[in-house]
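Notes follow once the structure below has been shown.
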Protein chains: 2
Amino acid sequence: MPTFKRPKRATILDLAAFTGVSRGTISRAFNNQAGINPQTRDKILKAARKIGYQPHNGARMMKLSRKGRWGLLLPHLRNPYYSELVEALNRVARSRHTTLLLGLSLEENESLAMIEQWTAGETDGLIMDQSYYRQNPAFFDQLREQGQPMVFLHGKPIPGFDFVGYELYGSFFRNMKTLAALGHRRIAYVGQAFEGCRSTGRYTAYSAFHVQNKWPLQEELVFFGEDGHVGGLKAWGHFVTLPEPPTAVVCGDDIIACGLIQGIRSHGMEIPGHVSVSGVDDIAEAERLGLTTIHTDRDETSRAIMDILERRIADPTLPPQVSIITSSLILRDSEGAPRTEALIRGARD
Amino acid sequence: MPTFKRPKRATILDLAAFTGVSRGTISRAFNNQAGINPQTRDKILKAARKIGYQPHNGARMMKLSRKGRWGLLLPHLRNPYYSELVEALNRVARSRHTTLLLGLSLEENESLAMIEQWTAGETDGLIMDQSYYRQNPAFFDQLREQGQPMVFLHGKPIPGFDFVGYELYGSFFRNMKTLAALGHRRIAYVGQAFEGCRSTGRYTAYSAFHVQNKWPLQEELVFFGEDGHVGGLKAWGHFVTLPEPPTAVVCGDDIIACGLIQGIRSHGMEIPGHVSVSGVDDIAEAERLGLTTIHTDRDETSRAIMDILERRIADPTLPPQVSIITSSLILRDSEGAPRTEALIRGARD
DNA sequence: TTGTAGGCGTTATCAA
DNA sequence: TTGATAACGCCTACAA
């Protein structure tokens, strides 16, 4: 029969009594500082293990200015890109003896409350998706004035802030070229709708390619919808009603592409037979689907984030640091020659 | 030009000086206790907002026994089931004014170190995948003796511990029946290999169904492989070499099924034309693929977890609590009538 | 209803 | 190399 007692951990005083050594020495032993006899250190550590002593983190946070903790704020984990980023950041953080605090929320009040908690002595700084800044610039401007280290992720650099983002324009442009070379002339774009969605590297590459080739930019082929795979699903629902549906669709991210593929297949069409599709991010599902995409390296991103943050801590007067991670186009089997019109009419009937 | 100062948050003393009220009153205002003038309370809260005061969490944790924090330990987030669980638990936790600390690791030393950290005054208790217990039962037995609240997830109840798991046997059995009714006679099983993998609800349903129908249980149709989609991928690599490949494959989870589907398609075969496939978990990808699966409700699971933990806190002498969440079979388009042998031979050549 | 003061478990600064 | 002691920022009796 199991017994349950009130959890009562040993404190530094218990260990001091047990070992006969002072608290100061114990502290030195645990933070393996210089100026301590290796023998006593060993003795202390061994005794700690025996009586189950572990330094109380709340107490040390009160004394220490470095918390060894970073707050990571993301909208959600429904997009595997975010999960993969969490994993990568976690790995890098651990290798640098720090921990991540994960906050998941899109709701402004919740995220601000979380940030205020964290910045009140729990974390050394913040890692956030850029969307949070857009929600409430004044709040983050103020935070920066207070000297709070923080780095924003994704999209375009925010003047005055540390930033890590991807260079997507080049890869996206190359993908457009690939499709054009395959013979596509009606290429659609699907992205998430948000303020400034027409100035992302992806969309500007899309439109620039049209301009360069003197193709007309047709609004019916540009779809800005909701976040996630539902956006892609609805996008195809729209495209398929056009008199002349696109023969290829380039998506703002993989999860949109996954939804789009689901939509295409639900209409009885095939990829790339009827429609070519591509995404951005190179999530695991993209590989499973054989989806052409643009790879962005999470590990490299994570390292860049931690580097920036560490330098910011070391020297708070540093000017804003910006890291742009390069991307690479991954060609898989979701792109092929455009269908003949007879083919799609057959499928639609 | 942005300026960067050392982050120096206001303390309770600053606020006391600013408002002219004592620290005690401020504390009472923030923990909205009885016996405080609503006007002063308002005044304090407003002043706090103005000078940016926020109680220091480390300091309060030293005083308080309830930390309002739960440690969640998961192997990784590569399986979206875990991400979805994290999201759901996060939602429920937030609605109960608690926070989750997420630890991601399979490595024994790392996870134990993390747990020791957390249990040293950072969390009210632990939420863990069952696999951690298997790694080091003695460690967790000892933790329980110390009165540490913890609940294990998935698989089978661990005697003496709080537990939340799924009832999968029934749904899995029904799925077998569905396949049999469609005409399948060679149904394969793919699951993750681990100690006790043959006593899961899924596999026992699989074997019981064979016994009940007096079908021989063929070892060549049972594949226990590595975790994740790679397991599924390799499973099909094995099955396809058989003189008579299975006409249907039931998988231990969706991510395995996703890998299996990838494998099947890479051999030029179709689902369910050549092979019927099913999974367990009902991850988002399953819906996108039209995969028949067994739905397990993350929200219900999360609520059950929090309920158990809260009751454990309230009364540490409670006997071990076990919550079994029911599941439901979701029929989609990945199951159909078995192929004729001519079909698969054609595809293979 | 409010103020006062002791203590929570550490680390850091002194002396010894 | 070690020990004593003063913070750290907060909560909570207890006193006013």
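Note on naming: chains are A, B, ... as they come in the structure tokens, residues start from 1 per chain, ligands start from 1 in the order shown.
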
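The protein and nucleic acid residues lying at most 7 Å from range 223-230 of chain A are A:Asn79, A:Tyr189, A:Val190, A:Gly191, A:Gln192, A:Ala193, A:Ile255, A:Ile256, A:Cys258, A:Gly259, with only C-alpha atoms (C1' of nucleotides) considered and sequence neighbours fewer than 6 positions away removed.
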
N, CA and C atoms of the current selection, written as a CSV table (one decimal), in the first residue's frame:
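Contents of the output file result_23.csv:
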chain,number,residue,atom,x,y,z
A,79,ASN,N,0.9,23.8,-36.3
A,79,ASN,CA,1.8,23.8,-37.4
A,79,ASN,C,3.1,23.1,-37.0
A,189,TYR,N,-1.0,31.6,-56.0
A,189,TYR,CA,-0.4,31.8,-54.7
A,189,TYR,C,-1.4,31.7,-53.6
A,190,VAL,N,-1.0,31.0,-52.5
A,190,VAL,CA,-1.8,30.9,-51.3
A,190,VAL,C,-1.0,31.2,-50.1
A,191,GLY,N,-1.5,32.2,-49.3
A,191,GLY,CA,-0.8,32.5,-48.1
A,191,GLY,C,-1.7,32.9,-47.0
A,192,GLN,N,-1.2,33.0,-45.8
A,192,GLN,CA,-2.0,33.5,-44.7
A,192,GLN,C,-2.3,34.9,-44.8
A,193,ALA,N,-3.5,35.3,-44.5
A,193,ALA,CA,-3.9,36.7,-44.6
A,193,ALA,C,-3.4,37.4,-43.3
A,255,ILE,N,2.0,23.7,-44.3
A,255,ILE,CA,0.8,23.3,-43.7
A,255,ILE,C,-0.4,23.7,-44.6
A,256,ILE,N,-0.2,24.9,-45.2
A,256,ILE,CA,-1.2,25.3,-46.2
A,256,ILE,C,-1.2,24.4,-47.4
A,258,CYS,N,-0.4,21.3,-47.4
A,258,CYS,CA,-1.0,20.0,-47.0
A,258,CYS,C,-2.6,20.1,-47.1
A,259,GLY,N,-3.1,21.2,-46.7
A,259,GLY,CA,-4.5,21.4,-46.8
A,259,GLY,C,-5.0,21.5,-48.3

message = When you look at DT12 in chain D with a cut-off of 10 Å (counting only C-alpha atoms (C1' of nucleotides)), what residues show up, excluding the ones that are within fewer than 6 positions of it in the same chain? I need them as a list in words.
response =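 Answer for this query is Gly24, Ser27, Arg28 and Lys63 of chain B; DG6 and DG7 of chain C.
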
Residue selection dump (N, CA, C and O atoms (P, O5', C5', C4', C3', O3' and C1' of nucleotides)) as a CSV table (one decimal), in the first residue's frame:
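After the write, again_31.csv holds the following:
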chain,number,residue,atom,x,y,z
B,24,GLY,N,2.9,44.9,3.3
B,24,GLY,CA,1.9,43.9,3.6
B,24,GLY,C,0.6,44.2,2.9
B,24,GLY,O,0.0,43.2,2.3
B,27,SER,N,1.0,43.2,-0.8
B,27,SER,CA,0.8,41.8,-0.9
B,27,SER,C,-0.6,41.3,-0.9
B,27,SER,O,-1.1,40.6,-1.7
B,28,ARG,N,-1.3,41.9,0.1
B,28,ARG,CA,-2.8,41.5,0.2
B,28,ARG,C,-3.5,41.9,-1.1
B,28,ARG,O,-4.4,41.2,-1.6
B,63,LYS,N,7.9,31.2,-0.5
B,63,LYS,CA,6.9,31.3,0.6
B,63,LYS,C,5.8,30.3,0.4
B,63,LYS,O,5.3,29.6,1.4
C,6,DG,P,11.8,40.8,13.8
C,6,DG,O5',11.7,39.3,13.7
C,6,DG,C5',10.5,38.6,14.1
C,6,DG,C4',10.2,37.4,13.2
C,6,DG,C3',11.5,36.7,12.8
C,6,DG,O3',11.3,35.3,12.8
C,6,DG,C1',10.4,37.4,10.8
C,7,DG,P,12.5,34.3,12.8
C,7,DG,O5',12.2,33.6,11.4
C,7,DG,C5',10.9,33.1,11.1
C,7,DG,C4',10.8,32.8,9.7
C,7,DG,C3',12.0,32.1,9.1
C,7,DG,O3',11.6,31.0,8.4
C,7,DG,C1',11.6,33.9,7.8

Considering only C-alpha atoms (C1' of nucleotides), give me a table of residues in chain C that are at most 7 Å from chain A, with the closest atom pair and distance in Å for each, as JSON lines.
{"residue": "C:DG9", "atom": "C1'", "partner": "A:Ala59", "partner_atom": "CA", "distance": 5.2}
{"residue": "C:DT10", "atom": "C1'", "partner": "A:Ala59", "partner_atom": "CA", "distance": 4.9}
{"residue": "C:DT11", "atom": "C1'", "partner": "A:Lys63", "partner_atom": "CA", "distance": 6.0}

Save out the residues we just selected, N, CA, C and O atoms (P, O5', C5', C4', C3', O3' and C1' of nucleotides), as a CSV table (one decimal), in the first residue's frame.
chain,number,residue,atom,x,y,z
C,9,DG,P,13.1,26.6,3.6
C,9,DG,O5',14.2,26.9,2.5
C,9,DG,C5',13.9,26.8,1.2
C,9,DG,C4',15.0,27.4,0.3
C,9,DG,C3',16.4,26.6,0.6
C,9,DG,O3',16.9,26.3,-0.6
C,9,DG,C1',16.6,29.0,0.8
C,10,DT,P,18.3,25.6,-0.8
C,10,DT,O5',18.9,26.5,-1.9
C,10,DT,C5',20.0,27.3,-1.5
C,10,DT,C4',19.9,28.6,-2.4
C,10,DT,C3',21.3,29.1,-2.7
C,10,DT,O3',21.6,28.8,-4.0
C,10,DT,C1',20.0,30.8,-1.6
C,11,DT,P,23.1,28.7,-4.4
C,11,DT,O5',23.6,30.3,-4.4
C,11,DT,C5',23.0,31.2,-5.3
C,11,DT,C4',23.6,32.6,-5.0
C,11,DT,C3',25.1,32.7,-5.1
C,11,DT,O3',25.4,33.9,-5.8
C,11,DT,C1',24.4,33.4,-3.0

request  = Determine, counting only C-alpha atoms (C1' of nucleotides), which protein, DNA and RNA residues have an atom within 10 Å of an atom of Pro245 in chain A; residues of the same chain fewer than 4 positions away are not included. Present the result as an MDAnalysis selection string.
outcome  = chainID A and resid 186:188 220:221 236 238:241 249 275 341 344

Please, could you write that set of residues out with all heavy atoms as a CSV table (one decimal), in the first residue's frame?
chain,number,residue,atom,x,y,z
A,186,ARG,N,-0.1,29.4,-65.5
A,186,ARG,CA,-1.2,29.9,-64.5
A,186,ARG,C,-0.8,29.3,-63.2
A,186,ARG,O,-1.2,28.2,-62.8
A,186,ARG,CB,-2.6,29.4,-64.9
A,186,ARG,CG,-3.2,30.2,-66.0
A,186,ARG,CD,-4.6,29.7,-66.4
A,186,ARG,NE,-5.6,30.0,-65.3
A,186,ARG,CZ,-6.1,31.2,-65.0
A,186,ARG,NH1,-5.7,32.2,-65.7
A,186,ARG,NH2,-7.0,31.3,-64.1
A,187,ILE,N,0.0,30.1,-62.4
A,187,ILE,CA,0.5,29.7,-61.1
A,187,ILE,C,-0.2,30.5,-60.1
A,187,ILE,O,-0.2,31.7,-60.1
A,187,ILE,CB,2.0,29.9,-61.0
A,187,ILE,CG1,2.7,29.1,-62.2
A,187,ILE,CG2,2.6,29.4,-59.7
A,187,ILE,CD1,4.2,29.3,-62.2
A,188,ALA,N,-0.8,29.8,-59.1
A,188,ALA,CA,-1.5,30.5,-58.1
A,188,ALA,C,-0.7,30.7,-56.8
A,188,ALA,O,0.3,29.9,-56.6
A,188,ALA,CB,-2.8,29.8,-57.8
A,220,GLU,N,-7.4,36.7,-59.2
A,220,GLU,CA,-8.2,35.5,-59.0
A,220,GLU,C,-7.2,34.3,-58.6
A,220,GLU,O,-7.7,33.3,-58.1
A,220,GLU,CB,-9.0,35.1,-60.2
A,220,GLU,CG,-8.2,34.9,-61.4
A,220,GLU,CD,-9.0,34.5,-62.6
A,220,GLU,OE1,-10.2,34.9,-62.6
A,220,GLU,OE2,-8.5,33.9,-63.6
A,221,LEU,N,-6.0,34.5,-58.9
A,221,LEU,CA,-5.0,33.4,-58.6
A,221,LEU,C,-4.2,33.6,-57.3
A,221,LEU,O,-3.3,32.9,-57.0
A,221,LEU,CB,-4.0,33.2,-59.8
A,221,LEU,CG,-4.6,32.7,-61.1
A,221,LEU,CD1,-3.6,32.5,-62.1
A,221,LEU,CD2,-5.4,31.4,-60.9
A,236,TRP,N,-8.3,25.8,-52.5
A,236,TRP,CA,-8.6,25.0,-53.6
A,236,TRP,C,-10.1,25.0,-53.9
A,236,TRP,O,-10.5,25.0,-55.1
A,236,TRP,CB,-8.1,23.6,-53.5
A,236,TRP,CG,-8.3,22.8,-54.7
A,236,TRP,CD1,-9.2,21.9,-55.0
A,236,TRP,CD2,-7.6,23.1,-56.0
A,236,TRP,NE1,-9.1,21.5,-56.3
A,236,TRP,CE2,-8.1,22.2,-56.9
A,236,TRP,CE3,-6.6,24.0,-56.4
A,236,TRP,CZ2,-7.7,22.2,-58.3
A,236,TRP,CZ3,-6.1,23.9,-57.7
A,236,TRP,CH2,-6.6,23.0,-58.6
A,238,HIS,N,-11.8,27.6,-53.8
A,238,HIS,CA,-12.0,28.8,-54.6
A,238,HIS,C,-11.4,28.5,-56.0
A,238,HIS,O,-12.1,28.8,-57.0
A,238,HIS,CB,-11.3,29.9,-53.9
A,238,HIS,CG,-10.9,31.1,-54.9
A,238,HIS,ND1,-11.9,31.8,-55.4
A,238,HIS,CD2,-9.8,31.5,-55.3
A,238,HIS,CE1,-11.4,32.8,-56.2
A,238,HIS,NE2,-10.0,32.6,-56.2
A,239,PHE,N,-10.2,28.1,-56.1
A,239,PHE,CA,-9.6,27.9,-57.4
A,239,PHE,C,-10.4,27.0,-58.4
A,239,PHE,O,-10.5,27.2,-59.6
A,239,PHE,CB,-8.2,27.4,-57.3
A,239,PHE,CG,-7.2,28.3,-56.6
A,239,PHE,CD1,-6.2,27.9,-55.8
A,239,PHE,CD2,-7.3,29.7,-56.9
A,239,PHE,CE1,-5.3,28.7,-55.2
A,239,PHE,CE2,-6.4,30.6,-56.3
A,239,PHE,CZ,-5.4,30.1,-55.4
A,240,VAL,N,-11.0,26.0,-57.8
A,240,VAL,CA,-11.6,25.0,-58.6
A,240,VAL,C,-12.9,25.5,-59.2
A,240,VAL,O,-13.4,25.0,-60.2
A,240,VAL,CB,-11.9,23.7,-57.8
A,240,VAL,CG1,-13.2,23.8,-57.0
A,240,VAL,CG2,-11.9,22.5,-58.6
A,241,THR,N,-13.4,26.7,-58.7
A,241,THR,CA,-14.6,27.3,-59.3
A,241,THR,C,-14.2,28.2,-60.5
A,241,THR,O,-15.1,28.6,-61.2
A,241,THR,CB,-15.3,28.1,-58.3
A,241,THR,OG1,-14.5,29.2,-57.9
A,241,THR,CG2,-15.7,27.3,-57.0
A,249,VAL,N,0.2,25.6,-57.8
A,249,VAL,CA,-0.1,26.5,-56.7
A,249,VAL,C,1.2,26.5,-55.8
A,249,VAL,O,1.6,25.5,-55.4
A,249,VAL,CB,-1.3,26.0,-55.9
A,249,VAL,CG1,-1.6,27.0,-54.8
A,249,VAL,CG2,-2.5,25.8,-56.8
A,275,VAL,N,-2.4,19.1,-60.7
A,275,VAL,CA,-1.9,20.3,-60.2
A,275,VAL,C,-0.6,20.1,-59.5
A,275,VAL,O,-0.4,19.1,-58.9
A,275,VAL,CB,-2.9,20.9,-59.1
A,275,VAL,CG1,-2.5,22.3,-58.8
A,275,VAL,CG2,-4.3,20.8,-59.5
A,341,GLU,N,-6.0,20.7,-70.6
A,341,GLU,CA,-7.3,21.1,-70.1
A,341,GLU,C,-8.3,20.0,-70.1
A,341,GLU,O,-9.2,19.9,-69.3
A,341,GLU,CB,-7.8,22.4,-70.9
A,341,GLU,CG,-7.4,23.7,-70.2
A,341,GLU,CD,-7.6,23.7,-68.7
A,341,GLU,OE1,-8.7,23.4,-68.2
A,341,GLU,OE2,-6.6,23.9,-68.0
A,344,ILE,N,-8.4,18.1,-66.8
A,344,ILE,CA,-9.1,18.6,-65.6
A,344,ILE,C,-10.6,18.6,-65.8
A,344,ILE,O,-11.4,18.3,-64.9
A,344,ILE,CB,-8.7,20.0,-65.2
A,344,ILE,CG1,-9.1,20.3,-63.8
A,344,ILE,CG2,-9.2,21.1,-66.2
A,344,ILE,CD1,-8.5,21.5,-63.2

Per residue of chain A within 7 Å of chain D, which atom pair is closest and at what distance in Å (one decimal), using only C-alpha atoms (C1' of nucleotides), listed by chain and increasing number, as a Markdown table?
| residue | atom | partner | partner_atom | distance |
| --- | --- | --- | --- | --- |
| A:Ser22 | CA | D:DG3 | C1' | 6.2 |
| A:Thr25 | CA | D:DT2 | C1' | 6.8 |
| A:Gly35 | CA | D:DT1 | C1' | 6.4 |
| A:Ile36 | CA | D:DT1 | C1' | 5.9 |
| A:Asn37 | CA | D:DT1 | C1' | 6.6 |
| A:Met62 | CA | D:DC8 | C1' | 5.1 |
| A:Lys63 | CA | D:DC8 | C1' | 5.1 |

Determine, for each residue of chain B having at least one atom at most 7 Å from an atom of chain A, the closest pair of atoms and their separation in Å to one decimal, counting only C-alpha atoms; order by chain and ascending number, as CSV.
residue,atom,partner,partner_atom,distance
B:Pro2,CA,A:Gly160,CA,5.9
B:Thr3,CA,A:Glu145,CA,6.3
B:Phe4,CA,A:Gly147,CA,4.8
B:Lys5,CA,A:Gly147,CA,4.5
B:Arg6,CA,A:Gly147,CA,5.3
B:Pro7,CA,A:Gly147,CA,4.7
B:Arg9,CA,A:Ala120,CA,6.7
B:Gln54,CA,A:Ala120,CA,6.0
B:Pro55,CA,A:Ala120,CA,6.8
B:His56,CA,A:Ala120,CA,5.4
B:Asn57,CA,A:Glu122,CA,6.7
B:Gly58,CA,A:Gly58,CA,4.0
B:Ala59,CA,A:Met62,CA,6.2
B:Met61,CA,A:Gly58,CA,5.9
B:Met62,CA,A:Gly58,CA,6.0
B:Leu77,CA,A:Ser83,CA,6.0
B:Ser83,CA,A:Leu77,CA,6.0
B:Glu87,CA,A:Leu77,CA,6.9
B:Leu101,CA,A:Leu101,CA,6.5
B:Leu102,CA,A:Leu102,CA,6.9
B:Ala120,CA,A:His56,CA,5.4
B:Gly121,CA,A:His56,CA,5.9
B:Glu122,CA,A:Asn57,CA,6.8
B:Glu145,CA,A:Phe4,CA,6.3
B:Gln146,CA,A:Pro7,CA,5.7
B:Gly147,CA,A:Lys5,CA,4.5
B:Gln148,CA,A:Pro7,CA,5.7
B:Gly160,CA,A:Pro2,CA,6.0
B:Gly259,CA,A:Arg288,CA,6.9
B:Gln262,CA,A:Arg288,CA,5.6
B:Arg288,CA,A:Gln262,CA,5.6
B:Leu289,CA,A:Gln262,CA,7.0
B:Pro316,CA,A:Phe4,CA,5.4
B:Thr317,CA,A:Phe4,CA,5.3

DSSP says helix (DSSP H, G or I) for which residues of range 101-202 of chain A? Put them as an mmCIF file with N, CA and C atoms, in the first residue's frame?
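Output file result-v2.cif follows:
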data_model
loop_
_atom_site.group_PDB
_atom_site.id
_atom_site.type_symbol
_atom_site.label_atom_id
_atom_site.label_comp_id
_atom_site.auth_asym_id
_atom_site.auth_seq_id
_atom_site.Cartn_x
_atom_site.Cartn_y
_atom_site.Cartn_z
ATOM 1 N N GLU A 108 -4.180 38.115 -27.007
ATOM 2 C CA GLU A 108 -3.297 39.204 -26.588
ATOM 3 C C GLU A 108 -3.157 39.314 -25.067
ATOM 4 N N ASN A 109 -4.270 39.295 -24.358
ATOM 5 C CA ASN A 109 -4.199 39.435 -22.907
ATOM 6 C C ASN A 109 -3.373 38.329 -22.267
ATOM 7 N N GLU A 110 -3.613 37.133 -22.739
ATOM 8 C CA GLU A 110 -2.884 35.998 -22.180
ATOM 9 C C GLU A 110 -1.390 36.105 -22.414
ATOM 10 N N SER A 111 -1.036 36.445 -23.633
ATOM 11 C CA SER A 111 0.390 36.480 -23.923
ATOM 12 C C SER A 111 1.074 37.632 -23.185
ATOM 13 N N LEU A 112 0.408 38.767 -23.092
ATOM 14 C CA LEU A 112 1.025 39.875 -22.367
ATOM 15 C C LEU A 112 1.182 39.535 -20.886
ATOM 16 N N ALA A 113 0.169 38.902 -20.324
ATOM 17 C CA ALA A 113 0.242 38.512 -18.917
ATOM 18 C C ALA A 113 1.417 37.563 -18.702
ATOM 19 N N MET A 114 1.560 36.633 -19.630
ATOM 20 C CA MET A 114 2.651 35.665 -19.542
ATOM 21 C C MET A 114 4.006 36.359 -19.609
ATOM 22 N N ILE A 115 4.108 37.290 -20.528
ATOM 23 C CA ILE A 115 5.366 38.016 -20.680
ATOM 24 C C ILE A 115 5.683 38.810 -19.414
ATOM 25 N N GLU A 116 4.666 39.426 -18.843
ATOM 26 C CA GLU A 116 4.913 40.212 -17.632
ATOM 27 C C GLU A 116 5.372 39.309 -16.484
ATOM 28 N N GLN A 117 4.772 38.139 -16.405
ATOM 29 C CA GLN A 117 5.228 37.155 -15.414
ATOM 30 C C GLN A 117 6.689 36.821 -15.626
ATOM 31 N N TRP A 118 6.975 36.424 -16.843
ATOM 32 C CA TRP A 118 8.319 35.957 -17.152
ATOM 33 C C TRP A 118 9.365 37.026 -16.919
ATOM 34 N N THR A 119 9.047 38.228 -17.361
ATOM 35 C CA THR A 119 10.058 39.275 -17.269
ATOM 36 C C THR A 119 10.245 39.747 -15.832
ATOM 37 N N GLN A 130 7.055 37.041 -34.598
ATOM 38 C CA GLN A 130 6.897 38.448 -34.913
ATOM 39 C C GLN A 130 5.458 38.931 -34.722
ATOM 40 N N SER A 131 4.514 38.014 -34.845
ATOM 41 C CA SER A 131 3.104 38.417 -34.789
ATOM 42 C C SER A 131 2.766 39.102 -33.468
ATOM 43 N N TYR A 132 3.493 38.754 -32.411
ATOM 44 C CA TYR A 132 3.197 39.392 -31.131
ATOM 45 C C TYR A 132 3.519 40.874 -31.171
ATOM 46 N N TYR A 133 4.566 41.208 -31.877
ATOM 47 C CA TYR A 133 4.914 42.632 -31.954
ATOM 48 C C TYR A 133 3.802 43.409 -32.662
ATOM 49 N N ARG A 134 3.321 42.851 -33.723
ATOM 50 C CA ARG A 134 2.266 43.534 -34.479
ATOM 51 C C ARG A 134 1.032 43.791 -33.620
ATOM 52 N N GLN A 135 0.775 42.863 -32.697
ATOM 53 C CA GLN A 135 -0.404 43.004 -31.843
ATOM 54 C C GLN A 135 -0.339 44.264 -30.985
ATOM 55 N N PRO A 137 2.711 46.986 -30.525
ATOM 56 C CA PRO A 137 4.077 47.516 -30.627
ATOM 57 C C PRO A 137 4.488 48.320 -29.398
ATOM 58 N N ALA A 138 3.585 49.129 -28.888
ATOM 59 C CA ALA A 138 3.942 50.005 -27.763
ATOM 60 C C ALA A 138 4.438 49.197 -26.565
ATOM 61 N N PHE A 139 3.773 48.096 -26.314
ATOM 62 C CA PHE A 139 4.150 47.253 -25.179
ATOM 63 C C PHE A 139 5.593 46.785 -25.299
ATOM 64 N N PHE A 140 5.953 46.341 -26.491
ATOM 65 C CA PHE A 140 7.299 45.801 -26.661
ATOM 66 C C PHE A 140 8.343 46.905 -26.744
ATOM 67 N N ASP A 141 7.941 48.059 -27.272
ATOM 68 C CA ASP A 141 8.855 49.199 -27.266
ATOM 69 C C ASP A 141 9.225 49.540 -25.827
ATOM 70 N N GLN A 142 8.221 49.552 -24.978
ATOM 71 C CA GLN A 142 8.440 49.862 -23.573
ATOM 72 C C GLN A 142 9.349 48.814 -22.920
ATOM 73 N N LEU A 143 9.078 47.564 -23.237
ATOM 74 C CA LEU A 143 9.877 46.469 -22.700
ATOM 75 C C LEU A 143 11.340 46.644 -23.086
ATOM 76 N N ARG A 144 11.540 47.064 -24.309
ATOM 77 C CA ARG A 144 12.912 47.252 -24.766
ATOM 78 C C ARG A 144 13.579 48.406 -24.029
ATOM 79 N N GLU A 145 12.796 49.467 -23.790
ATOM 80 C CA GLU A 145 13.336 50.605 -23.046
ATOM 81 C C GLU A 145 13.808 50.159 -21.666
ATOM 82 N N TYR A 169 13.148 34.783 -50.387
ATOM 83 C CA TYR A 169 12.918 35.334 -51.724
ATOM 84 C C TYR A 169 13.627 34.511 -52.805
ATOM 85 N N GLY A 170 14.893 34.276 -52.596
ATOM 86 C CA GLY A 170 15.680 33.592 -53.616
ATOM 87 C C GLY A 170 15.163 32.200 -53.938
ATOM 88 N N SER A 171 14.927 31.412 -52.916
ATOM 89 C CA SER A 171 14.452 30.047 -53.136
ATOM 90 C C SER A 171 13.075 30.049 -53.778
ATOM 91 N N PHE A 172 12.268 30.990 -53.327
ATOM 92 C CA PHE A 172 10.909 31.048 -53.865
ATOM 93 C C PHE A 172 10.932 31.414 -55.349
ATOM 94 N N PHE A 173 11.803 32.337 -55.673
ATOM 95 C CA PHE A 173 11.946 32.753 -57.065
ATOM 96 C C PHE A 173 12.421 31.577 -57.928
ATOM 97 N N ARG A 174 13.344 30.843 -57.378
ATOM 98 C CA ARG A 174 13.852 29.684 -58.123
ATOM 99 C C ARG A 174 12.765 28.646 -58.343
ATOM 100 N N ASN A 175 11.914 28.511 -57.365
ATOM 101 C CA ASN A 175 10.803 27.576 -57.510
ATOM 102 C C ASN A 175 9.866 28.037 -58.631
ATOM 103 N N MET A 176 9.619 29.320 -58.680
ATOM 104 C CA MET A 176 8.780 29.857 -59.755
ATOM 105 C C MET A 176 9.412 29.553 -61.107
ATOM 106 N N LYS A 177 10.712 29.736 -61.174
ATOM 107 C CA LYS A 177 11.430 29.449 -62.427
ATOM 108 C C LYS A 177 11.288 27.986 -62.819
ATOM 109 N N THR A 178 11.407 27.130 -61.821
ATOM 110 C CA THR A 178 11.275 25.693 -62.071
ATOM 111 C C THR A 178 9.909 25.373 -62.670
ATOM 112 N N LEU A 179 8.882 25.964 -62.086
ATOM 113 C CA LEU A 179 7.530 25.713 -62.576
ATOM 114 C C LEU A 179 7.348 26.254 -63.998
ATOM 115 N N ALA A 180 7.881 27.444 -64.214
ATOM 116 C CA ALA A 180 7.765 28.038 -65.554
ATOM 117 C C ALA A 180 8.473 27.163 -66.581
ATOM 118 N N ALA A 181 9.617 26.637 -66.192
ATOM 119 C CA ALA A 181 10.374 25.775 -67.102
ATOM 120 C C ALA A 181 9.615 24.498 -67.418
ATOM 121 N N LEU A 182 8.802 24.043 -66.461
ATOM 122 C CA LEU A 182 7.992 22.851 -66.703
ATOM 123 C C LEU A 182 6.828 23.162 -67.643
ATOM 124 N N CYS A 197 0.853 40.959 -45.612
ATOM 125 C CA CYS A 197 1.071 39.652 -46.229
ATOM 126 C C CYS A 197 1.555 39.782 -47.663
ATOM 127 N N ARG A 198 1.427 40.994 -48.218
ATOM 128 C CA ARG A 198 1.905 41.187 -49.594
ATOM 129 C C ARG A 198 3.344 41.664 -49.645
ATOM 130 N N SER A 199 3.956 41.773 -48.483
ATOM 131 C CA SER A 199 5.352 42.217 -48.530
ATOM 132 C C SER A 199 6.302 41.157 -47.985
ATOM 133 N N GLY A 201 8.768 37.856 -48.285
ATOM 134 C CA GLY A 201 9.709 37.443 -49.305
ATOM 135 C C GLY A 201 9.051 36.522 -50.315
ATOM 136 N N ARG A 202 8.152 35.690 -49.826
ATOM 137 C CA ARG A 202 7.491 34.728 -50.718
ATOM 138 C C ARG A 202 6.641 35.435 -51.758
#

query = What is the distance, in Å and to one decimal place, between CA of Val151 in chain B and CA of Gly68 in chain A?
reply =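 Between these atoms lies a distance of 27.4 Å.
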
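For range 169-216 of chain A, the set of residues given strand (DSSP E or B) by DSSP on the backbone reads Ile187, Ala188, Tyr189, Val190, Gly191 and Gln192 of chain A.
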
inquiry  = Using only C-alpha atoms (C1' of nucleotides), which protein or nucleic acid residues come within 7 Å of Asp281 in chain B? Drop anything in the same chain fewer than 6 positions from it, and give the result as a list in words.
reply    = Tyr81, Asp253, Asp254, Thr293, Ile294, His295 and Thr296 of chain B
